[in-house]
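Below is the file work_30.cif, which contains mmCIF, N, CA and C atoms.
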```cif
data_input
loop_
_atom_site.label_atom_id
_atom_site.label_comp_id
_atom_site.auth_asym_id
_atom_site.auth_seq_id
_atom_site.Cartn_x
_atom_site.Cartn_y
_atom_site.Cartn_z
N MET A 10 5.45 -8.43 18.94
CA MET A 10 5.28 -6.99 19.06
C MET A 10 6.42 -6.25 18.38
N ALA A 11 7.63 -6.83 18.44
CA ALA A 11 8.77 -6.17 17.79
C ALA A 11 8.56 -6.07 16.29
N SER A 12 7.94 -7.11 15.71
CA SER A 12 7.72 -7.05 14.26
C SER A 12 6.77 -5.93 13.89
N LEU A 13 5.78 -5.64 14.75
CA LEU A 13 4.88 -4.53 14.47
C LEU A 13 5.66 -3.21 14.46
N ASN A 14 6.60 -3.07 15.37
CA ASN A 14 7.42 -1.85 15.40
C ASN A 14 8.27 -1.73 14.14
N VAL A 15 8.79 -2.86 13.65
CA VAL A 15 9.57 -2.84 12.40
C VAL A 15 8.67 -2.41 11.25
N TYR A 16 7.46 -3.00 11.19
CA TYR A 16 6.53 -2.63 10.13
C TYR A 16 6.14 -1.16 10.23
N SER A 17 5.92 -0.70 11.46
CA SER A 17 5.58 0.71 11.65
C SER A 17 6.69 1.60 11.14
N ALA A 18 7.93 1.24 11.46
CA ALA A 18 9.07 2.04 11.00
C ALA A 18 9.16 2.02 9.48
N LEU A 19 8.94 0.85 8.88
CA LEU A 19 9.00 0.76 7.43
C LEU A 19 7.91 1.58 6.77
N VAL A 20 6.72 1.54 7.35
CA VAL A 20 5.61 2.31 6.77
C VAL A 20 5.87 3.80 6.91
N VAL A 21 6.37 4.22 8.06
CA VAL A 21 6.70 5.64 8.23
C VAL A 21 7.76 6.04 7.22
N LEU A 22 8.78 5.19 7.05
CA LEU A 22 9.81 5.48 6.06
C LEU A 22 9.19 5.53 4.67
N PHE A 23 8.31 4.59 4.39
CA PHE A 23 7.61 4.52 3.11
C PHE A 23 6.82 5.81 2.85
N LEU A 24 6.13 6.29 3.88
CA LEU A 24 5.31 7.48 3.71
C LEU A 24 6.12 8.77 3.66
N THR A 25 7.27 8.78 4.31
CA THR A 25 8.04 10.01 4.39
C THR A 25 9.21 10.06 3.42
N SER A 26 9.43 8.98 2.68
CA SER A 26 10.59 8.96 1.79
C SER A 26 10.45 9.99 0.68
N GLY A 27 9.22 10.36 0.37
CA GLY A 27 8.98 11.43 -0.59
C GLY A 27 9.35 11.05 -2.00
N ALA A 28 9.18 12.01 -2.87
CA ALA A 28 9.42 11.79 -4.29
C ALA A 28 10.89 11.65 -4.61
N ALA A 29 11.76 12.00 -3.69
CA ALA A 29 13.20 11.89 -3.96
C ALA A 29 13.58 10.46 -4.28
N MET A 30 12.91 9.49 -3.65
CA MET A 30 13.25 8.10 -3.90
C MET A 30 12.35 7.49 -4.97
N ALA A 31 11.36 8.19 -5.38
CA ALA A 31 10.42 7.67 -6.36
C ALA A 31 10.79 8.16 -7.75
N THR A 32 10.31 7.45 -8.74
CA THR A 32 10.48 7.98 -10.08
C THR A 32 9.67 9.26 -10.15
N LYS A 33 10.01 10.10 -11.07
CA LYS A 33 9.29 11.36 -11.21
C LYS A 33 7.80 11.09 -11.44
N GLU A 34 7.50 10.11 -12.25
CA GLU A 34 6.10 9.80 -12.57
C GLU A 34 5.33 9.39 -11.32
N ASN A 35 5.83 8.41 -10.57
CA ASN A 35 5.12 7.97 -9.36
C ASN A 35 5.05 9.09 -8.33
N GLY A 36 6.14 9.80 -8.16
CA GLY A 36 6.15 10.91 -7.21
C GLY A 36 5.14 11.97 -7.57
N GLN A 37 5.02 12.27 -8.85
CA GLN A 37 4.06 13.28 -9.30
C GLN A 37 2.63 12.80 -9.11
N ILE A 38 2.39 11.53 -9.41
CA ILE A 38 1.05 10.96 -9.22
C ILE A 38 0.66 11.06 -7.75
N ILE A 39 1.59 10.67 -6.88
CA ILE A 39 1.33 10.68 -5.43
C ILE A 39 1.06 12.11 -4.96
N LYS A 40 1.86 13.05 -5.43
CA LYS A 40 1.69 14.45 -5.03
C LYS A 40 0.39 15.03 -5.58
N ASP A 41 0.14 14.84 -6.86
CA ASP A 41 -1.04 15.41 -7.50
C ASP A 41 -2.35 14.91 -6.90
N ASN A 42 -2.34 13.67 -6.42
CA ASN A 42 -3.56 13.06 -5.90
C ASN A 42 -3.63 13.02 -4.37
N ASN A 43 -2.67 13.68 -3.71
CA ASN A 43 -2.61 13.67 -2.24
C ASN A 43 -2.73 12.25 -1.69
N CYS A 44 -2.06 11.31 -2.32
CA CYS A 44 -2.20 9.89 -1.98
C CYS A 44 -1.80 9.59 -0.53
N GLU A 45 -0.84 10.30 -0.01
CA GLU A 45 -0.33 9.99 1.32
C GLU A 45 -1.24 10.43 2.45
N THR A 46 -2.32 11.12 2.14
CA THR A 46 -3.20 11.62 3.19
C THR A 46 -4.56 10.93 3.20
N LYS A 47 -4.77 9.96 2.34
CA LYS A 47 -6.10 9.39 2.16
C LYS A 47 -6.40 8.16 3.01
N MET A 48 -5.39 7.61 3.70
CA MET A 48 -5.60 6.44 4.54
C MET A 48 -5.01 6.70 5.91
N GLY A 49 -5.67 6.18 6.94
CA GLY A 49 -5.14 6.26 8.29
C GLY A 49 -3.98 5.29 8.47
N LEU A 50 -3.09 5.59 9.40
CA LEU A 50 -1.91 4.76 9.61
C LEU A 50 -2.24 3.30 9.93
N PRO A 51 -3.25 3.01 10.78
CA PRO A 51 -3.55 1.59 11.03
C PRO A 51 -3.89 0.82 9.75
N CYS A 52 -4.63 1.46 8.85
CA CYS A 52 -5.00 0.79 7.60
C CYS A 52 -3.82 0.73 6.64
N VAL A 53 -2.96 1.74 6.67
CA VAL A 53 -1.74 1.67 5.87
C VAL A 53 -0.92 0.47 6.30
N LEU A 54 -0.79 0.28 7.62
CA LEU A 54 -0.05 -0.87 8.14
C LEU A 54 -0.66 -2.19 7.68
N GLU A 55 -1.98 -2.30 7.75
CA GLU A 55 -2.65 -3.52 7.31
C GLU A 55 -2.42 -3.79 5.83
N ALA A 56 -2.60 -2.77 5.02
CA ALA A 56 -2.41 -2.93 3.58
C ALA A 56 -0.96 -3.29 3.27
N PHE A 57 -0.03 -2.59 3.90
CA PHE A 57 1.39 -2.84 3.70
C PHE A 57 1.73 -4.29 4.05
N THR A 58 1.24 -4.74 5.20
CA THR A 58 1.52 -6.10 5.65
C THR A 58 0.92 -7.13 4.70
N SER A 59 -0.29 -6.87 4.20
CA SER A 59 -0.93 -7.84 3.30
C SER A 59 -0.22 -7.91 1.96
N ILE A 60 0.47 -6.85 1.57
CA ILE A 60 1.16 -6.84 0.28
C ILE A 60 2.62 -7.25 0.40
N PHE A 61 3.33 -6.70 1.38
CA PHE A 61 4.77 -6.93 1.48
C PHE A 61 5.15 -8.07 2.41
N GLU A 62 4.23 -8.54 3.20
CA GLU A 62 4.47 -9.66 4.10
C GLU A 62 3.30 -10.61 3.98
N THR A 63 2.96 -11.29 5.07
CA THR A 63 1.80 -12.16 5.08
C THR A 63 0.83 -11.61 6.10
N GLY A 64 -0.30 -11.23 5.65
CA GLY A 64 -1.30 -10.67 6.55
C GLY A 64 -2.61 -10.48 5.84
N THR A 65 -3.59 -10.07 6.60
CA THR A 65 -4.91 -9.83 6.03
C THR A 65 -5.26 -8.37 6.22
N ILE A 66 -6.24 -7.95 5.48
CA ILE A 66 -6.70 -6.57 5.58
C ILE A 66 -8.19 -6.60 5.92
N SER A 67 -8.58 -5.83 6.91
CA SER A 67 -9.97 -5.81 7.38
C SER A 67 -10.87 -5.13 6.35
N SER A 68 -12.17 -5.36 6.50
CA SER A 68 -13.10 -4.71 5.58
C SER A 68 -13.06 -3.19 5.74
N LYS A 69 -12.85 -2.71 6.97
CA LYS A 69 -12.73 -1.26 7.18
C LYS A 69 -11.56 -0.71 6.38
N CYS A 70 -10.41 -1.40 6.47
CA CYS A 70 -9.23 -0.92 5.74
C CYS A 70 -9.36 -1.16 4.25
N CYS A 71 -10.10 -2.17 3.85
CA CYS A 71 -10.39 -2.34 2.42
C CYS A 71 -11.16 -1.12 1.91
N GLY A 72 -12.10 -0.65 2.72
CA GLY A 72 -12.84 0.54 2.33
C GLY A 72 -11.93 1.74 2.15
N GLU A 73 -10.97 1.90 3.07
CA GLU A 73 -10.02 3.00 2.94
C GLU A 73 -9.11 2.81 1.72
N LEU A 74 -8.70 1.57 1.46
CA LEU A 74 -7.84 1.30 0.31
C LEU A 74 -8.56 1.61 -0.98
N VAL A 75 -9.80 1.16 -1.10
CA VAL A 75 -10.59 1.44 -2.31
C VAL A 75 -10.84 2.94 -2.42
N GLY A 76 -11.07 3.60 -1.29
CA GLY A 76 -11.24 5.05 -1.29
C GLY A 76 -9.98 5.79 -1.73
N LEU A 77 -8.84 5.19 -1.45
CA LEU A 77 -7.55 5.75 -1.89
C LEU A 77 -7.51 5.82 -3.41
N GLY A 78 -8.05 4.79 -4.04
CA GLY A 78 -8.07 4.74 -5.50
C GLY A 78 -6.94 3.89 -6.05
N LYS A 79 -7.21 3.27 -7.18
CA LYS A 79 -6.23 2.35 -7.78
C LYS A 79 -4.96 3.08 -8.23
N VAL A 80 -5.11 4.29 -8.74
CA VAL A 80 -3.94 5.03 -9.21
C VAL A 80 -2.98 5.30 -8.05
N CYS A 81 -3.52 5.77 -6.92
CA CYS A 81 -2.68 6.02 -5.75
C CYS A 81 -2.10 4.73 -5.21
N HIS A 82 -2.93 3.71 -5.12
CA HIS A 82 -2.48 2.41 -4.61
C HIS A 82 -1.28 1.91 -5.42
N SER A 83 -1.40 1.91 -6.72
CA SER A 83 -0.32 1.43 -7.59
C SER A 83 0.93 2.28 -7.47
N ALA A 84 0.76 3.59 -7.45
CA ALA A 84 1.92 4.49 -7.36
C ALA A 84 2.66 4.31 -6.04
N LEU A 85 1.92 4.15 -4.95
CA LEU A 85 2.56 3.97 -3.64
C LEU A 85 3.29 2.64 -3.55
N VAL A 86 2.73 1.59 -4.10
CA VAL A 86 3.40 0.29 -4.11
C VAL A 86 4.67 0.36 -4.96
N LYS A 87 4.57 0.98 -6.12
CA LYS A 87 5.75 1.10 -6.99
C LYS A 87 6.83 1.94 -6.33
N ARG A 88 6.42 3.00 -5.63
CA ARG A 88 7.42 3.82 -4.93
C ARG A 88 8.10 3.01 -3.84
N ALA A 89 7.33 2.22 -3.11
CA ALA A 89 7.93 1.39 -2.06
C ALA A 89 8.95 0.43 -2.65
N LEU A 90 8.63 -0.13 -3.81
CA LEU A 90 9.56 -1.07 -4.45
C LEU A 90 10.86 -0.39 -4.88
N GLU A 91 10.85 0.91 -5.07
CA GLU A 91 12.06 1.64 -5.45
C GLU A 91 12.97 1.89 -4.25
N ASN A 92 12.44 1.69 -3.04
CA ASN A 92 13.20 1.91 -1.83
C ASN A 92 14.25 0.80 -1.68
N PRO A 93 15.50 1.17 -1.41
CA PRO A 93 16.56 0.16 -1.25
C PRO A 93 16.27 -0.89 -0.17
N LEU A 94 15.43 -0.56 0.81
CA LEU A 94 15.08 -1.54 1.84
C LEU A 94 14.39 -2.77 1.25
N PHE A 95 13.78 -2.62 0.10
CA PHE A 95 13.02 -3.70 -0.49
C PHE A 95 13.70 -4.30 -1.72
N LYS A 96 14.99 -4.06 -1.87
CA LYS A 96 15.72 -4.51 -3.05
C LYS A 96 15.75 -6.03 -3.20
N ASP A 97 15.62 -6.75 -2.08
CA ASP A 97 15.66 -8.21 -2.14
C ASP A 97 14.30 -8.84 -2.43
N LEU A 98 13.27 -8.04 -2.48
CA LEU A 98 11.94 -8.57 -2.77
C LEU A 98 11.73 -8.69 -4.27
N SER A 99 10.91 -9.64 -4.65
CA SER A 99 10.58 -9.81 -6.07
C SER A 99 9.50 -8.80 -6.46
N PRO A 100 9.84 -7.84 -7.33
CA PRO A 100 8.83 -6.87 -7.76
C PRO A 100 7.59 -7.54 -8.37
N ALA A 101 7.78 -8.60 -9.14
CA ALA A 101 6.64 -9.27 -9.76
C ALA A 101 5.72 -9.87 -8.69
N ARG A 102 6.30 -10.44 -7.65
CA ARG A 102 5.52 -11.04 -6.57
C ARG A 102 4.76 -9.96 -5.80
N ILE A 103 5.42 -8.84 -5.52
CA ILE A 103 4.78 -7.74 -4.79
C ILE A 103 3.66 -7.12 -5.63
N ILE A 104 3.91 -6.91 -6.89
CA ILE A 104 2.86 -6.35 -7.77
C ILE A 104 1.67 -7.30 -7.83
N ALA A 105 1.94 -8.61 -7.92
CA ALA A 105 0.85 -9.59 -7.95
C ALA A 105 0.06 -9.56 -6.64
N LYS A 106 0.75 -9.47 -5.49
CA LYS A 106 0.05 -9.40 -4.20
C LYS A 106 -0.72 -8.08 -4.08
N SER A 107 -0.17 -7.02 -4.64
CA SER A 107 -0.83 -5.72 -4.63
C SER A 107 -2.14 -5.79 -5.42
N ILE A 108 -2.09 -6.39 -6.58
CA ILE A 108 -3.28 -6.54 -7.42
C ILE A 108 -4.30 -7.45 -6.73
N GLN A 109 -3.82 -8.53 -6.13
CA GLN A 109 -4.71 -9.45 -5.42
C GLN A 109 -5.39 -8.75 -4.25
N THR A 110 -4.62 -7.98 -3.47
CA THR A 110 -5.20 -7.24 -2.35
C THR A 110 -6.24 -6.25 -2.85
N TRP A 111 -5.90 -5.52 -3.91
CA TRP A 111 -6.84 -4.54 -4.48
C TRP A 111 -8.13 -5.23 -4.92
N ASN A 112 -7.99 -6.32 -5.69
CA ASN A 112 -9.17 -7.03 -6.21
C ASN A 112 -10.02 -7.61 -5.09
N ASN A 113 -9.37 -8.18 -4.07
CA ASN A 113 -10.11 -8.72 -2.93
C ASN A 113 -10.88 -7.62 -2.22
N CYS A 114 -10.24 -6.48 -2.01
CA CYS A 114 -10.91 -5.36 -1.34
C CYS A 114 -12.04 -4.82 -2.19
N LEU A 115 -11.82 -4.69 -3.46
CA LEU A 115 -12.86 -4.19 -4.36
C LEU A 115 -14.07 -5.11 -4.34
N ALA A 116 -13.83 -6.42 -4.38
CA ALA A 116 -14.93 -7.38 -4.33
C ALA A 116 -15.66 -7.30 -3.00
N LEU A 117 -14.92 -7.12 -1.92
CA LEU A 117 -15.53 -7.02 -0.60
C LEU A 117 -16.39 -5.77 -0.48
N ILE A 118 -15.88 -4.67 -0.98
CA ILE A 118 -16.61 -3.39 -0.89
C ILE A 118 -17.80 -3.38 -1.83
N ASP A 119 -17.66 -3.99 -3.00
CA ASP A 119 -18.74 -4.01 -3.99
C ASP A 119 -19.82 -5.03 -3.69
N SER A 120 -19.50 -6.03 -2.86
CA SER A 120 -20.50 -7.08 -2.60
C SER A 120 -21.59 -6.54 -1.67
N PRO A 121 -22.82 -6.92 -1.93
CA PRO A 121 -23.91 -6.43 -1.08
C PRO A 121 -23.78 -7.01 0.33
N SER A 122 -24.11 -6.22 1.31
CA SER A 122 -24.08 -6.66 2.70
C SER A 122 -25.23 -7.63 2.93
N PRO A 123 -24.97 -8.67 3.74
CA PRO A 123 -26.08 -9.57 4.04
C PRO A 123 -27.17 -8.81 4.83
N SER A 124 -28.42 -9.06 4.47
CA SER A 124 -29.49 -8.35 5.16
C SER A 124 -29.76 -9.01 6.52
N ALA A 125 -30.12 -8.17 7.46
CA ALA A 125 -30.35 -8.70 8.83
C ALA A 125 -31.76 -9.17 9.01
#
```
In structure tokens, what does this structure look like?
Amino acid sequence: MASLNVYSALVVLFLTSGAAMATKENGQIIKDNNCETKMGLPCVLEAFTSIFETGTISSKCCGELVGLGKVCHSALVKRALENPLFKDLSPARIIAKSIQTWNNCLALIDSPSPSA
């Protein structure tokens, strides 16, 4: 349970760090597209955990992630990587996990539902 609180704190920091910690380009993309308002906090936590730690993302949250859009998804991940809290993480590994999470969600959302 303590780890969930740590993740919650990191996600809140991630969401509230604003453009001050982001490059101008990522900050502008996030602002212009209202990226920070397009996903609910539970799904943000799931997506964050699946990219920055080890976790899975539900189909519901995949739907929210795909609804967020690839541009917002990429800009938010890049902004998180600029945060000093994540300086010890491998950017290449995080970007790869971000792409994998995006592609998995896209495939899940695009795949036809089994008929009943």
Open item on the list: My list of candidates is A:Gln37, A:Ser120, A:Asn112, A:Thr58. Which is closest to Gly78 in chain A when distances are computed with only C-alpha atoms?
Closed with: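 Using only C-alpha atoms, the shortest distance to Gly78 in chain A belongs to A:Asn112.
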Task: Gap from CA of Ser59 in chain A to CA of Gly72 in chain A - Å, one decimal - done: 14.6 Å
Open item on the list: Running the PyMOL selection byres (((chain A and resi 38 and name CA) around 12) and name CA) on this model by hand, what would come out? Give it as JSON, numbers by chain.
Closed with: {"A": [27, 28, 31, 32, 33, 34, 35, 36, 37, 39, 40, 41, 42, 43, 44, 45, 78, 79, 80, 81, 82, 83, 84, 85, 87, 88]}
Task: atom C of Asp119 in chain A to atom N of Ile60 in chain A, straight-line distance in Å - done: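 Atom-to-atom, atom N of Ile60 in chain A and atom C of Asp119 in chain A are spaced 21.0 Å apart.
Interatomic distance, CA of Asp97 in chain A against atom N of Ala116 in chain A: 29.6 Å.
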TODO: Pick out the closest residue to Ile66 in chain A from this set: A:Ile108, A:Leu54, A:Ala89, A:Ala101. Count only N, CA and C atoms.
DONE: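 That would be A:Leu54, the residue with the smallest distance to Ile66 in chain A.
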- [ ] Identify, with DSSP run on backbone atoms, the residues in range 48-121 of chain A assigned to helix (DSSP H, G or I), and express the list as JSON, numbers by chain.
- [x] {"A": [50, 51, 52, 53, 54, 55, 56, 57, 58, 59, 60, 61, 68, 69, 70, 71, 72, 73, 74, 75, 76, 77, 79, 80, 81, 82, 83, 84, 85, 86, 87, 88, 89, 90, 91, 93, 94, 95, 100, 101, 102, 103, 104, 105, 106, 107, 108, 109, 110, 111, 112, 113, 114, 115, 116, 117, 118, 119]}
TODO: Go through A:Thr46, A:Asn92, A:Ser99, A:Thr63 and flag the residue nearest Leu77 in chain A, using only C-alpha atoms for the distances.
DONE: A:Thr46
